[in-house]
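Visitor: Quick one, input-v4.cif (mmCIF, C-alpha atoms):
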```cif
data_run
loop_
_atom_site.group_PDB
_atom_site.id
_atom_site.type_symbol
_atom_site.label_atom_id
_atom_site.label_comp_id
_atom_site.auth_asym_id
_atom_site.auth_seq_id
_atom_site.Cartn_x
_atom_site.Cartn_y
_atom_site.Cartn_z
ATOM 1 C CA MET A 1 20.757 -44.391 0.442
ATOM 2 C CA ILE A 2 21.620 -41.503 -1.905
ATOM 3 C CA ALA A 3 18.388 -41.996 -3.845
ATOM 4 C CA THR A 4 16.381 -41.899 -0.617
ATOM 5 C CA THR A 5 18.169 -38.734 0.476
ATOM 6 C CA ARG A 6 17.463 -37.089 -2.888
ATOM 7 C CA ARG A 7 13.804 -38.072 -2.760
ATOM 8 C CA THR A 8 13.509 -36.752 0.769
ATOM 9 C CA ARG A 9 15.258 -33.513 -0.195
ATOM 10 C CA ASP A 10 13.110 -33.108 -3.311
ATOM 11 C CA GLU A 11 9.944 -33.784 -1.329
ATOM 12 C CA LEU A 12 10.941 -31.282 1.338
ATOM 13 C CA LEU A 13 11.708 -28.645 -1.313
ATOM 14 C CA ARG A 14 8.375 -29.294 -3.022
ATOM 15 C CA ARG A 15 6.497 -28.960 0.261
ATOM 16 C CA TRP A 16 8.443 -25.828 1.229
ATOM 17 C CA ARG A 17 7.711 -24.176 -2.123
ATOM 18 C CA ALA A 18 4.032 -25.090 -1.920
ATOM 19 C CA ALA A 19 3.782 -23.734 1.629
ATOM 20 C CA SER A 20 5.594 -20.506 0.789
ATOM 21 C CA GLU A 21 3.445 -19.922 -2.306
ATOM 22 C CA ALA A 22 0.267 -20.570 -0.331
ATOM 23 C CA ALA A 23 1.365 -18.120 2.358
ATOM 24 C CA GLU A 24 1.942 -15.395 -0.243
ATOM 25 C CA HIS A 25 -1.616 -15.544 -1.578
ATOM 26 C CA GLY A 26 -3.071 -14.013 1.578
ATOM 27 C CA MET A 27 -0.375 -11.400 1.942
ATOM 28 C CA SER A 28 -1.428 -9.381 -1.064
ATOM 29 C CA THR A 29 -4.897 -8.887 0.395
ATOM 30 C CA ALA A 30 -3.455 -7.758 3.719
ATOM 31 C CA GLU A 31 -1.048 -5.412 1.966
ATOM 32 C CA TYR A 32 -3.872 -3.873 -0.056
ATOM 33 C CA ALA A 33 -5.916 -3.411 3.117
ATOM 34 C CA VAL A 34 -3.063 -1.670 4.923
ATOM 35 C CA GLY A 35 -2.384 0.507 1.881
ATOM 36 C CA THR A 36 -6.044 1.463 1.605
ATOM 37 C CA ILE A 37 -6.257 2.365 5.290
ATOM 38 C CA ALA A 38 -3.092 4.462 4.993
ATOM 39 C CA ALA A 39 -4.464 6.262 1.922
ATOM 40 C CA VAL A 40 -7.749 7.019 3.672
ATOM 41 C CA ALA A 41 -5.923 8.328 6.737
ATOM 42 C CA PHE A 42 -3.706 10.514 4.547
ATOM 43 C CA ALA A 43 -6.770 11.844 2.711
ATOM 44 C CA ALA A 44 -8.446 12.656 6.030
ATOM 45 C CA VAL A 45 -5.385 14.609 7.152
ATOM 46 C CA LEU A 46 -5.262 16.507 3.857
ATOM 47 C CA ILE A 47 -8.960 17.360 4.076
ATOM 48 C CA ALA A 48 -8.495 18.642 7.620
ATOM 49 C CA ILE A 49 -5.563 20.789 6.522
ATOM 50 C CA VAL A 50 -7.311 22.203 3.452
ATOM 51 C CA LYS A 51 -10.450 23.014 5.446
ATOM 52 C CA SER A 52 -8.491 25.189 7.867
ATOM 53 C CA ASP A 53 -9.026 28.922 7.453
ATOM 54 C CA THR A 54 -5.356 29.710 6.921
ATOM 55 C CA VAL A 55 -4.882 27.247 4.090
ATOM 56 C CA ARG A 56 -8.245 28.093 2.561
ATOM 57 C CA SER A 57 -7.425 31.802 2.394
ATOM 58 C CA ALA A 58 -3.969 31.065 0.969
ATOM 59 C CA LEU A 59 -5.464 28.830 -1.723
ATOM 60 C CA GLU A 60 -8.117 31.416 -2.560
ATOM 61 C CA GLY A 61 -5.383 34.022 -2.941
ATOM 62 C CA ILE A 62 -3.364 31.759 -5.218
ATOM 63 C CA PHE A 63 -6.351 30.884 -7.396
ATOM 64 C CA SER A 64 -7.664 34.427 -7.607
ATOM 65 C CA SER A 65 -4.261 35.781 -8.640
ATOM 66 C CA ALA A 66 -3.816 32.964 -11.151
ATOM 67 C CA LEU A 67 -7.251 33.517 -12.690
ATOM 68 C CA SER A 68 -7.200 37.297 -12.707
ATOM 69 C CA THR A 69 -6.656 38.962 -16.055
ATOM 70 C CA ARG A 70 -4.145 41.742 -16.151
#
```
Would you mind writing the file's structure down as structure tokens?
Guide:
Amino acid sequence: MIATTRRTRDELLRRWRAASEAAEHGMSTAEYAVGTIAAVAFAAVLIAIVKSDTVRSALEGIFSSALSTR
């Protein structure tokens, strides 16, 4: 009886580990996809901000004062 219980427990653990490892293989791809979409969205927001006239003039002022020779 104890041997049967151990075998059953060991088999269940083996199956559980195999199932959990198999489930993790697809998760990395989904995580990369979500991360890529978030990065693209963040880049789009930054581009929209930098293209605005206010930010553009502020950046031009910063660069011109940094590059001017005094």
Visitor: I'd like the interatomic distance between CA of Ser57 (chain A) and CA of Ala38 (chain A), to a tenth of an Å.
Guide: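 For CA of Ser57 (chain A) relative to CA of Ala38 (chain A), the distance reads 27.8 Å.
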Visitor: Can you work out the spacing between CA of Ser20 (chain A) and CA of Arg7 (chain A) in Å, to one decimal?
Guide: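 Distance between the two atoms: 19.7 Å.
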Visitor: For a test of reading the model, state the distance in Å between CA of Tyr32 (chain A) and CA of Arg15 (chain A), rounded to one decimal.
Guide: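 Result for CA of Tyr32 (chain A) versus CA of Arg15 (chain A): 27.1 Å, one decimal.
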